[in-house]
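Presented below is the structure to which this report refers.
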Amino acid sequence: RTGYWPTTQSKMMQYQRSSALFNEAKKVIPGGVNSPVRAFNAVGGTPIFLTHAMGAYLFDEDQNRYIDFIASWGPMILGHAHPKVVAAVQARAEKGTSYGIPTALETEIAKRALSMVPHMDQIRFVNSGTEACMSAVRLARGFTGRDKIIKFAGCYHGHADAFLIQAGSGAVTFGSPNSPGVTAGTAKDTLLAAYNNLEHVAEIFRANPAQIAAIIVEPVAGNMGCILPQASFLEGLRSLCDTHGAVLIFDEVMTGFRLAQGGAQECLGVRADLVTYGKVIGGGLPVGAFAARKEIMDFLAPLGPVYQAGTLSGNPLAMTAGLTMLDLLHAHPETYTSLANKTAFLHREMVPLLEEKGLPYQINRLGSMMSLHFTDTPVVDFETAAKGNNDYFKKYFHGMLKRGVYLPPSAFESYFLNDAISQKDLEHTLEAFSETIKAL
């Protein structure tokens with residue numbers, strides 16, 4: 001049914017095949033999924049199972065088509081199955097898929113990436129955003145000779161033990177594990193701060209003199225919805241790190257190459273010491289990377305004492321897809337203006353529909369990232385994000401899904417627009433939005 005858009009006047013989408021596949025998957029895969037958010041636990045109902053994606057669209061096993069507003073959680077900036085990326089990967093696959101031996105391709109993409117991002121001298125490729133953040137923290141600890149790190153409640157840096165920490169009774173001095181399997185010993189070295197609360201970070205530094213190796217932060221948070229840094233917050237983190245000899249790590253797994261060619265560093269004008277990247281640097285294939293100035297990167301093996309390795313790191317398929325994608329973005333900087341304009345249009349047109357219905361709402365947006373929170377309270381951190389009306393969000397998510405629009409299946413995730421989304425797609429999205437909001 002390519003080209004078919006259901007409305008409230010026509011037959012709603014059906015999910016029989018996806019439901020059967022989910023039940024089958026649960027027999028052999030824990031929870032039926034390989035990443036928890038896919039299970040729809042936050043919104044209820046049955047997850048859809050896809051057959052393929054093309055451009056702005058997702059296609060499921062029940063022959064439904066959806067406008068995609070997650071873009072594989074960020075990296076599909078130009079849309080799915082871009083013909084140049086696909087052709088490059090196909091040609092490379094014919095030469096072998098993995099070697100575990102260096103290729104010139106790795107140097108080529110390293111040069112391209114470093115030419116686009118500010119302040120970074122060298123980059124190392126890994127296999128995921130989780131691995132990039134884990135390696136960056138290890139490197140920061142090795143570089144500074146300190147153990148403790150500061151992270152922020154609501155910021156997600158992958159599932160490495162050091163990041164799965166919640167606030168404890170003594171949050172200024174230590175956190176506590178929020179997942180079985182994470183030891184208290186690991187948790188004691190992760191200090192949890194409130195996002196956009198600079199004084200709280202300063203208090204943690206005062207309570208832990210000469211012990212903090214690094215601050216790791218999403219410069220624009222994407223895992224408690226889209227939450228922007230308030231004025232002077234990132235600049236204040238930069239100043240605190242300079243004062244106390246700590247490393248400032250920007251987790252740009254979501255924002256890197258998406259908000260601008262140089263990511264959040266370029267967009268927001270704040271210099272990080274270390275930056276991590278995710279799938280976008282592999283054109284959507286499983287990959288990650290971390291970059292820093294040479295002084296820090298020299299601590300990595302085989303030059304320095306900090307060990308990090310990976311058999312599939314720099315694998316030729318991911319490097320080919322990533323280089324093709326980065327070359328396209330470098331050649332077409334107007335993509336960022338186009339994406340920002342589409343996102344701004346969607347934001348602007350959603351507001352009167354929400355106002356007419358009289359619903360509580362907050363919309364946060366920067367570039368091609370955006371989120372809607374059903375609350376009257378400005379959303380600036382995890383605590384305020386959690387005040388959103390989740391019952392409204394569940395109905396909103398499923399109303400949009402039934403009308404052919406795929407949104408993040410959690411109130412704590414950012415939308416990511418892709419540039420294949422057309423004006424017609426945006427207009428359909430707003431029609432679906434209007435019908436869904438009226439039904440809340």
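Identifiers in the structure tokens: chain A, B, ... in order shown; residue index from 1 per chain; ligand index from 1 in order shown.
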May I have all residues of segment 177-397 of chain A that DSSP, computed from the backbone, assigns to alpha helix (DSSP H), given as an MDAnalysis selection string? chainID A and resid 184:187 198:207 233:244 263:268 294:297 316:331 334:357 382:385 390:397
Counting only C-alpha atoms, what is within 12 Å of segment 202-209 of chain A, bar same-chain residues fewer than 3 positions away, as number ranges by chain? A: 146-152, 170-175, 188-194, 196-199, 212-215, 233, 236-246
Could you go through segment 210-333 of chain A and tell me which residues DSSP, when run on the backbone, assigns to strand (DSSP E), listing them as a VMD selection string? chain A and resid 212 to 217 247 to 251 274 to 277 288 to 292
Counting only C-alpha atoms, which residues of segment 225-293 of chain A sit at most 9 Å from some atom of segment 121-124 of chain A, and what is each one's closest atom pair with its distance in Å to one decimal, listed by chain and rising residue number, as CSV?
residue,atom,partner,partner_atom,distance
A:Gly288,CA,A:Arg124,CA,8.6
A:Ala289,CA,A:Arg124,CA,5.5
A:Phe290,CA,A:Arg124,CA,5.6
A:Ala291,CA,A:Ile123,CA,4.1
A:Ala292,CA,A:Gln122,CA,5.9
A:Arg293,CA,A:Asp121,CA,4.6
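For the set A:Gln261, A:Phe250, A:Gly145, A:Tyr277, the residue with the smallest atom-to-atom gap to Gln211 of chain A is A:Gly145, counting only C-alpha atoms.
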Counting only C-alpha atoms, which of A:Arg112, A:Lys26, A:Arg17, A:His159 gets nearest to Ser128 of chain A?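 So, comparing all the options, the nearest one is A:His159.
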Find the residues around Asn178 of chain A up to 8 Å (only C-alpha atoms counted), leave out those fewer than 2 positions away in its own chain, and share them as a PDB file with N, CA, C and O atoms, in the first residue's frame.
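Final output, selection.pdb:
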ATOM      1  N   LEU A 164      25.244   3.505  34.410  1.00  0.00           N
ATOM      2  CA  LEU A 164      23.943   3.057  34.913  1.00  0.00           C
ATOM      3  C   LEU A 164      23.838   3.346  36.401  1.00  0.00           C
ATOM      4  O   LEU A 164      23.763   2.459  37.244  1.00  0.00           O
ATOM      5  N   ILE A 165      23.821   4.635  36.701  1.00  0.00           N
ATOM      6  CA  ILE A 165      23.864   5.113  38.081  1.00  0.00           C
ATOM      7  C   ILE A 165      22.692   6.051  38.332  1.00  0.00           C
ATOM      8  O   ILE A 165      22.361   6.892  37.500  1.00  0.00           O
ATOM      9  N   GLN A 166      22.052   5.889  39.488  1.00  0.00           N
ATOM     10  CA  GLN A 166      20.997   6.801  39.905  1.00  0.00           C
ATOM     11  C   GLN A 166      21.458   7.564  41.149  1.00  0.00           C
ATOM     12  O   GLN A 166      22.468   7.229  41.752  1.00  0.00           O
ATOM     13  N   SER A 176      24.316   5.403  43.283  1.00  0.00           N
ATOM     14  CA  SER A 176      24.065   3.990  43.538  1.00  0.00           C
ATOM     15  C   SER A 176      23.634   3.330  42.237  1.00  0.00           C
ATOM     16  O   SER A 176      23.089   3.985  41.358  1.00  0.00           O
ATOM     17  N   PRO A 180      20.775  -4.212  38.372  1.00  0.00           N
ATOM     18  CA  PRO A 180      21.518  -5.350  38.920  1.00  0.00           C
ATOM     19  C   PRO A 180      22.688  -5.695  38.006  1.00  0.00           C
ATOM     20  O   PRO A 180      22.589  -5.602  36.783  1.00  0.00           O
ATOM     21  N   VAL A 182      25.571  -4.065  38.277  1.00  0.00           N
ATOM     22  CA  VAL A 182      26.496  -2.940  38.448  1.00  0.00           C
ATOM     23  C   VAL A 182      26.905  -2.904  39.918  1.00  0.00           C
ATOM     24  O   VAL A 182      26.054  -2.829  40.804  1.00  0.00           O
TER      25      VAL A 182
END
Contacts of segment 360-367 of chain A at 9 Å (only C-alpha atoms; same-chain gap of 5+ positions) as a PyMOL selection string: chain A and resi 220+225-228+258-260+336-337+339-341+343-344+347+351+354-355+372-379+388-389
Identify, on the basis of only C-alpha atoms, every residue whose closest approach to segment 67-84 of chain A does not exceed 9 Å; exclude the query and any residue fewer than 5 positions from it along the same chain; express the result as number ranges by chain. A: 53-58, 89, 253-255, 257-258, 278-285, 321, 324-325, 328-329, 335, 339, 369, 404-408, 413-421, 425-426, 429
For His119 of chain A, the nearest of the candidates A:Lys294, A:His52, A:Lys387, A:Arg403, counting only C-alpha atoms: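 Ranking A:Lys294, A:His52, A:Lys387, A:Arg403 by distance to His119 of chain A, first place goes to A:Lys294.
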Using only C-alpha atoms: which of A:Pro177, A:Gly44, A:Gly142, A:Gly100 has the shortest distance to Tyr307 of chain A: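 The answer is A:Gly142, which sits nearest to Tyr307 of chain A.
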What lies within 12 Å of segment 28-36 of chain A using only C-alpha atoms, ignoring chain neighbours under 2 positions off, as a PyMOL selection string? chain A and resi 18-26+38-42+46-49+158-159+409-410
Using N, CA, C and O atoms, can you write the selected residues to a file as a CSV table (one decimal), in the first residue's frame?
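To be explicit, this is the file written out as again14.csv:
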chain,number,residue,atom,x,y,z
A,18,SER,N,2.7,-8.2,12.7
A,18,SER,CA,3.6,-7.7,13.7
A,18,SER,C,3.4,-8.4,15.1
A,18,SER,O,4.3,-8.8,15.8
A,19,SER,N,2.1,-8.5,15.5
A,19,SER,CA,1.8,-9.1,16.7
A,19,SER,C,2.2,-10.5,16.8
A,19,SER,O,2.8,-11.0,17.8
A,20,ALA,N,2.0,-11.3,15.7
A,20,ALA,CA,2.4,-12.7,15.7
A,20,ALA,C,3.9,-12.8,15.7
A,20,ALA,O,4.4,-13.7,16.4
A,21,LEU,N,4.6,-11.9,15.0
A,21,LEU,CA,6.1,-12.0,15.1
A,21,LEU,C,6.6,-11.6,16.4
A,21,LEU,O,7.6,-12.2,16.9
A,22,PHE,N,6.0,-10.7,17.1
A,22,PHE,CA,6.4,-10.3,18.5
A,22,PHE,C,6.3,-11.5,19.4
A,22,PHE,O,7.2,-11.8,20.2
A,23,ASN,N,5.1,-12.2,19.3
A,23,ASN,CA,4.9,-13.4,20.2
A,23,ASN,C,5.9,-14.5,19.9
A,23,ASN,O,6.4,-15.1,20.8
A,24,GLU,N,6.3,-14.6,18.6
A,24,GLU,CA,7.3,-15.6,18.3
A,24,GLU,C,8.7,-15.2,18.8
A,24,GLU,O,9.5,-16.0,19.3
A,25,ALA,N,9.0,-13.9,18.7
A,25,ALA,CA,10.3,-13.4,19.1
A,25,ALA,C,10.5,-13.6,20.6
A,25,ALA,O,11.6,-13.9,21.1
A,26,LYS,N,9.4,-13.4,21.4
A,26,LYS,CA,9.5,-13.5,22.8
A,26,LYS,C,9.9,-14.9,23.3
A,26,LYS,O,10.4,-15.1,24.4
A,38,ARG,N,12.3,-0.8,22.2
A,38,ARG,CA,11.6,-1.3,21.0
A,38,ARG,C,10.3,-2.1,21.5
A,38,ARG,O,9.5,-2.4,20.7
A,39,ALA,N,10.3,-2.5,22.7
A,39,ALA,CA,9.2,-3.4,23.2
A,39,ALA,C,7.9,-2.6,23.5
A,39,ALA,O,6.9,-3.3,23.7
A,40,PHE,N,7.9,-1.3,23.4
A,40,PHE,CA,6.7,-0.5,23.6
A,40,PHE,C,6.2,-0.5,25.0
A,40,PHE,O,5.1,-0.2,25.3
A,41,ASN,N,7.1,-0.9,26.0
A,41,ASN,CA,6.6,-1.0,27.4
A,41,ASN,C,6.2,0.4,27.9
A,41,ASN,O,5.3,0.5,28.7
A,42,ALA,N,6.8,1.5,27.4
A,42,ALA,CA,6.5,2.8,27.9
A,42,ALA,C,5.2,3.3,27.3
A,42,ALA,O,4.6,4.3,27.9
A,46,THR,N,1.6,-3.4,21.0
A,46,THR,CA,2.6,-4.3,20.4
A,46,THR,C,3.5,-3.6,19.4
A,46,THR,O,3.0,-2.8,18.6
A,47,PRO,N,4.8,-3.8,19.5
A,47,PRO,CA,5.7,-3.1,18.5
A,47,PRO,C,5.5,-3.6,17.1
A,47,PRO,O,5.1,-4.7,16.9
A,48,ILE,N,5.7,-2.6,16.2
A,48,ILE,CA,5.6,-3.0,14.8
A,48,ILE,C,7.0,-3.7,14.4
A,48,ILE,O,8.0,-3.3,14.9
A,49,PHE,N,6.9,-4.6,13.4
A,49,PHE,CA,8.1,-5.3,12.9
A,49,PHE,C,8.2,-4.8,11.4
A,49,PHE,O,7.3,-4.8,10.6
A,158,GLY,N,25.0,5.1,26.9
A,158,GLY,CA,25.2,3.7,26.7
A,158,GLY,C,25.0,2.9,28.0
A,158,GLY,O,24.7,3.5,29.1
A,159,HIS,N,25.2,1.6,27.9
A,159,HIS,CA,24.9,0.7,29.0
A,159,HIS,C,26.1,0.2,29.8
A,159,HIS,O,26.1,-0.8,30.5
A,409,PRO,N,8.8,5.7,20.7
A,409,PRO,CA,7.8,5.1,21.6
A,409,PRO,C,8.2,5.3,23.1
A,409,PRO,O,8.1,4.4,23.9
A,410,SER,N,8.5,6.5,23.5
A,410,SER,CA,8.8,6.9,24.9
A,410,SER,C,8.7,8.4,25.0
A,410,SER,O,9.2,9.1,24.0
Nearby residues (only C-alpha atoms) at most 9 Å from Glu235 of chain A, same-chain spacing under 5 positions excluded, as a list in words: Leu240, Gly269, Val270 and Arg271 of chain A
